[in-house]
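Asker: Handing you a structure now.
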Amino acid sequence: MAMFVEKLGKTVDEAVEAALEELNTDIENVTVEVIDEGSKGVLGIFKNKEAKVRVTLKDDIKVEVGTFIGNILDKMDVDATVSVTEKEDCINVDISGENVGILIGRRGETLDAIQYITSLVVNKDNDDFKRIIVDVENYRQKREETLIALAYRMANKVEKYKKSITLEPMTPYERRIIHSALQERFTIETISIGEEPNRKVVIRIKK
């Protein structure tokens, strides 16, 4: 169901601007229906009648995602730029700006939470499930490169000393990176142990 708001204003333009502000979007992402153009009073006898509009977000999942993320940033008092792109069944959200580190959180937990909530809301009423990936200043790629390097380094130690190594607690996303990076190593294997949020990856000699 499309999201819409109805607003009053001294003029149609003023009412539309108020609606755009509430929806946290731009004019190209909406359709505008003028319910009442309003009217000026006559000789002070009749009062001015305000204009009334209904502004509806276009049925575009990218717009929906961008608007939802924008509302989250507003509530967190974060001034940032949100870029949304779509490729097949995946929606990528890139957030950039100053002081956006707060959106990442410890071990990326805040970023994962924003991504999870966005996915729930966006996919709630959609027939076709869309995978949502939210990133901040290319954090995920940098983190992935760091984790892959860690996985290789620890795997080499396990092979050399024949002793298992348990990594620090990681999010499900980070653990998948470790498992994937080492899945083709013939002499070692990886398993996950423990309970969330302290679940860890163990790298050990393959049994």
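For the structure tokens, the naming scheme is as follows: chains receive sequential letters (A, B, ...) according to their order of presentation, residues are indexed from 1 within each chain, and ligands are indexed from 1 in presentation order.
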I'd like the neighbourhood of segment 172-177 of chain A as a PyMOL selection string, where a residue qualifies if any of its atoms comes within 7 Å (using only C-alpha atoms), though same-chain residues fewer than 5 positions away should be ignored.

Answerer: chain A and resi 144+148+201

Asker: Residues of segment 7-99 of chain A classed as strand (DSSP E) by DSSP on the backbone are to be reported as JSON, numbers by chain.

Answerer: {"A": [7, 8, 9, 30, 31, 32, 33, 34, 35, 36, 51, 52, 53, 54, 55, 56, 57, 81, 82, 83, 84, 85, 86, 87, 90, 91, 92, 93, 94, 95, 96]}

Asker: Please produce an output containing N, CA and C atoms for each residue in the selection, written as a PDB file, in the first residue's frame.

Answerer:
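What ended up in result_39.pdb:
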ATOM      1  N   LYS A   7      -2.120  17.401   3.734  1.00  0.00           N
ATOM      2  CA  LYS A   7      -1.633  18.598   4.412  1.00  0.00           C
ATOM      3  C   LYS A   7      -2.423  19.835   3.988  1.00  0.00           C
ATOM      4  N   LEU A   8      -2.484  20.790   4.909  1.00  0.00           N
ATOM      5  CA  LEU A   8      -3.101  22.089   4.648  1.00  0.00           C
ATOM      6  C   LEU A   8      -2.015  23.148   4.535  1.00  0.00           C
ATOM      7  N   GLY A   9      -2.312  24.210   3.803  1.00  0.00           N
ATOM      8  CA  GLY A   9      -1.378  25.313   3.676  1.00  0.00           C
ATOM      9  C   GLY A   9      -2.069  26.534   3.129  1.00  0.00           C
ATOM     10  N   VAL A  30       6.936  11.550  -5.687  1.00  0.00           N
ATOM     11  CA  VAL A  30       5.546  11.530  -5.215  1.00  0.00           C
ATOM     12  C   VAL A  30       4.580  11.925  -6.324  1.00  0.00           C
ATOM     13  N   THR A  31       3.310  11.644  -6.066  1.00  0.00           N
ATOM     14  CA  THR A  31       2.229  12.195  -6.886  1.00  0.00           C
ATOM     15  C   THR A  31       1.413  13.124  -5.995  1.00  0.00           C
ATOM     16  N   VAL A  32       0.937  14.215  -6.588  1.00  0.00           N
ATOM     17  CA  VAL A  32       0.222  15.225  -5.812  1.00  0.00           C
ATOM     18  C   VAL A  32      -1.213  15.333  -6.304  1.00  0.00           C
ATOM     19  N   GLU A  33      -2.141  15.238  -5.368  1.00  0.00           N
ATOM     20  CA  GLU A  33      -3.565  15.420  -5.675  1.00  0.00           C
ATOM     21  C   GLU A  33      -4.064  16.640  -4.905  1.00  0.00           C
ATOM     22  N   VAL A  34      -4.538  17.628  -5.621  1.00  0.00           N
ATOM     23  CA  VAL A  34      -5.054  18.836  -4.983  1.00  0.00           C
ATOM     24  C   VAL A  34      -6.512  18.598  -4.597  1.00  0.00           C
ATOM     25  N   ILE A  35      -6.769  18.507  -3.325  1.00  0.00           N
ATOM     26  CA  ILE A  35      -8.131  18.270  -2.840  1.00  0.00           C
ATOM     27  C   ILE A  35      -8.920  19.570  -2.810  1.00  0.00           C
ATOM     28  N   ASP A  36      -8.252  20.631  -2.400  1.00  0.00           N
ATOM     29  CA  ASP A  36      -8.911  21.943  -2.342  1.00  0.00           C
ATOM     30  C   ASP A  36      -7.845  23.006  -2.582  1.00  0.00           C
ATOM     31  N   ALA A  51      -5.567  25.711   1.423  1.00  0.00           N
ATOM     32  CA  ALA A  51      -5.460  24.672   0.397  1.00  0.00           C
ATOM     33  C   ALA A  51      -5.195  23.334   1.069  1.00  0.00           C
ATOM     34  N   LYS A  52      -5.667  22.255   0.432  1.00  0.00           N
ATOM     35  CA  LYS A  52      -5.471  20.912   0.973  1.00  0.00           C
ATOM     36  C   LYS A  52      -4.986  19.988  -0.133  1.00  0.00           C
ATOM     37  N   VAL A  53      -3.939  19.221   0.160  1.00  0.00           N
ATOM     38  CA  VAL A  53      -3.391  18.296  -0.843  1.00  0.00           C
ATOM     39  C   VAL A  53      -3.182  16.917  -0.225  1.00  0.00           C
ATOM     40  N   ARG A  54      -3.209  15.917  -1.105  1.00  0.00           N
ATOM     41  CA  ARG A  54      -2.815  14.562  -0.714  1.00  0.00           C
ATOM     42  C   ARG A  54      -1.564  14.224  -1.516  1.00  0.00           C
ATOM     43  N   VAL A  55      -0.478  13.931  -0.816  1.00  0.00           N
ATOM     44  CA  VAL A  55       0.800  13.631  -1.467  1.00  0.00           C
ATOM     45  C   VAL A  55       1.136  12.173  -1.196  1.00  0.00           C
ATOM     46  N   THR A  56       1.306  11.400  -2.272  1.00  0.00           N
ATOM     47  CA  THR A  56       1.500   9.958  -2.165  1.00  0.00           C
ATOM     48  C   THR A  56       2.850   9.547  -2.731  1.00  0.00           C
ATOM     49  N   LEU A  57       3.577   8.741  -1.960  1.00  0.00           N
ATOM     50  CA  LEU A  57       4.837   8.204  -2.461  1.00  0.00           C
ATOM     51  C   LEU A  57       4.565   7.264  -3.629  1.00  0.00           C
ATOM     52  N   THR A  81      23.982  11.554   3.467  1.00  0.00           N
ATOM     53  CA  THR A  81      23.408  11.353   2.138  1.00  0.00           C
ATOM     54  C   THR A  81      23.103   9.876   1.942  1.00  0.00           C
ATOM     55  N   VAL A  82      21.904   9.579   1.452  1.00  0.00           N
ATOM     56  CA  VAL A  82      21.479   8.193   1.243  1.00  0.00           C
ATOM     57  C   VAL A  82      21.335   7.931  -0.252  1.00  0.00           C
ATOM     58  N   SER A  83      22.058   6.933  -0.740  1.00  0.00           N
ATOM     59  CA  SER A  83      21.974   6.538  -2.145  1.00  0.00           C
ATOM     60  C   SER A  83      21.417   5.119  -2.222  1.00  0.00           C
ATOM     61  N   VAL A  84      20.342   4.938  -2.998  1.00  0.00           N
ATOM     62  CA  VAL A  84      19.681   3.632  -3.104  1.00  0.00           C
ATOM     63  C   VAL A  84      19.736   3.150  -4.550  1.00  0.00           C
ATOM     64  N   THR A  85      20.248   1.948  -4.755  1.00  0.00           N
ATOM     65  CA  THR A  85      20.287   1.348  -6.090  1.00  0.00           C
ATOM     66  C   THR A  85      19.669  -0.044  -6.023  1.00  0.00           C
ATOM     67  N   GLU A  86      19.137  -0.486  -7.153  1.00  0.00           N
ATOM     68  CA  GLU A  86      18.491  -1.793  -7.216  1.00  0.00           C
ATOM     69  C   GLU A  86      19.136  -2.637  -8.306  1.00  0.00           C
ATOM     70  N   LYS A  87      19.439  -3.886  -7.969  1.00  0.00           N
ATOM     71  CA  LYS A  87      19.990  -4.825  -8.939  1.00  0.00           C
ATOM     72  C   LYS A  87      19.321  -6.170  -8.733  1.00  0.00           C
ATOM     73  N   CYS A  90      18.056  -7.407  -5.214  1.00  0.00           N
ATOM     74  CA  CYS A  90      18.800  -6.809  -4.108  1.00  0.00           C
ATOM     75  C   CYS A  90      18.721  -5.284  -4.168  1.00  0.00           C
ATOM     76  N   ILE A  91      18.476  -4.674  -3.013  1.00  0.00           N
ATOM     77  CA  ILE A  91      18.474  -3.228  -2.868  1.00  0.00           C
ATOM     78  C   ILE A  91      19.691  -2.833  -2.039  1.00  0.00           C
ATOM     79  N   ASN A  92      20.564  -2.012  -2.620  1.00  0.00           N
ATOM     80  CA  ASN A  92      21.774  -1.559  -1.921  1.00  0.00           C
ATOM     81  C   ASN A  92      21.602  -0.123  -1.463  1.00  0.00           C
ATOM     82  N   VAL A  93      21.886   0.105  -0.191  1.00  0.00           N
ATOM     83  CA  VAL A  93      21.781   1.438   0.388  1.00  0.00           C
ATOM     84  C   VAL A  93      23.170   1.875   0.854  1.00  0.00           C
ATOM     85  N   ASP A  94      23.659   2.972   0.303  1.00  0.00           N
ATOM     86  CA  ASP A  94      24.956   3.515   0.701  1.00  0.00           C
ATOM     87  C   ASP A  94      24.730   4.833   1.422  1.00  0.00           C
ATOM     88  N   ILE A  95      25.250   4.913   2.649  1.00  0.00           N
ATOM     89  CA  ILE A  95      25.102   6.115   3.469  1.00  0.00           C
ATOM     90  C   ILE A  95      26.472   6.769   3.625  1.00  0.00           C
ATOM     91  N   SER A  96      26.540   8.064   3.354  1.00  0.00           N
ATOM     92  CA  SER A  96      27.807   8.769   3.474  1.00  0.00           C
ATOM     93  C   SER A  96      27.582  10.128   4.132  1.00  0.00           C
TER      94      SER A  96
END

Asker: Going by DSSP on the backbone, which residues of segment 60-153 of chain A come out as alpha helix (DSSP H)? List them as JSON, numbers by chain.

Answerer: {"A": [61, 62, 63, 64, 65, 66, 67, 68, 69, 70, 71, 72, 73, 74, 75, 109, 110, 111, 112, 113, 114, 115, 116, 117, 118, 119, 120, 121, 122, 123, 139, 140, 141, 142, 143, 144, 145, 146, 147, 148, 149, 150, 151, 152, 153]}

Asker: Quick check, in Å to one decimal: how far apart do atom CA of Glu189 of chain A and atom CA of Ile205 of chain A lie?

Answerer: 6.2 Å

Asker: Within 8 Å of Met154 of chain A, counting only C-alpha atoms, which residues qualify if same-chain residues fewer than 3 places away don't, as a PyMOL selection string?

Answerer: chain A and resi 150-151+157-158+165+203

Asker: Skip Val63 of chain A itself and residues of its chain fewer than 3 positions away, then list as number ranges by chain all residues within 10 Å of it, counting only C-alpha atoms.

Answerer: A: 25-26, 29-30, 57-60, 66-69, 84-85

Asker: Take the selection from the previous step and output its residues with C-alpha atoms, as a CSV table (one decimal), in the first residue's frame.

Answerer:
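Here's the written file part27.csv:
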chain,number,residue,atom,x,y,z
A,25,THR,CA,11.4,12.9,0.2
A,26,ASP,CA,11.5,15.0,-3.0
A,29,ASN,CA,9.2,10.7,-5.8
A,30,VAL,CA,5.5,11.5,-5.2
A,57,LEU,CA,4.8,8.2,-2.5
A,58,LYS,CA,5.2,6.5,-5.8
A,59,ASP,CA,5.0,2.7,-5.7
A,60,ASP,CA,8.8,2.3,-6.0
A,66,GLY,CA,15.3,5.6,1.0
A,67,THR,CA,12.4,7.3,2.8
A,68,PHE,CA,12.5,4.7,5.7
A,69,ILE,CA,16.3,5.0,6.1
A,84,VAL,CA,19.7,3.6,-3.1
A,85,THR,CA,20.3,1.3,-6.1
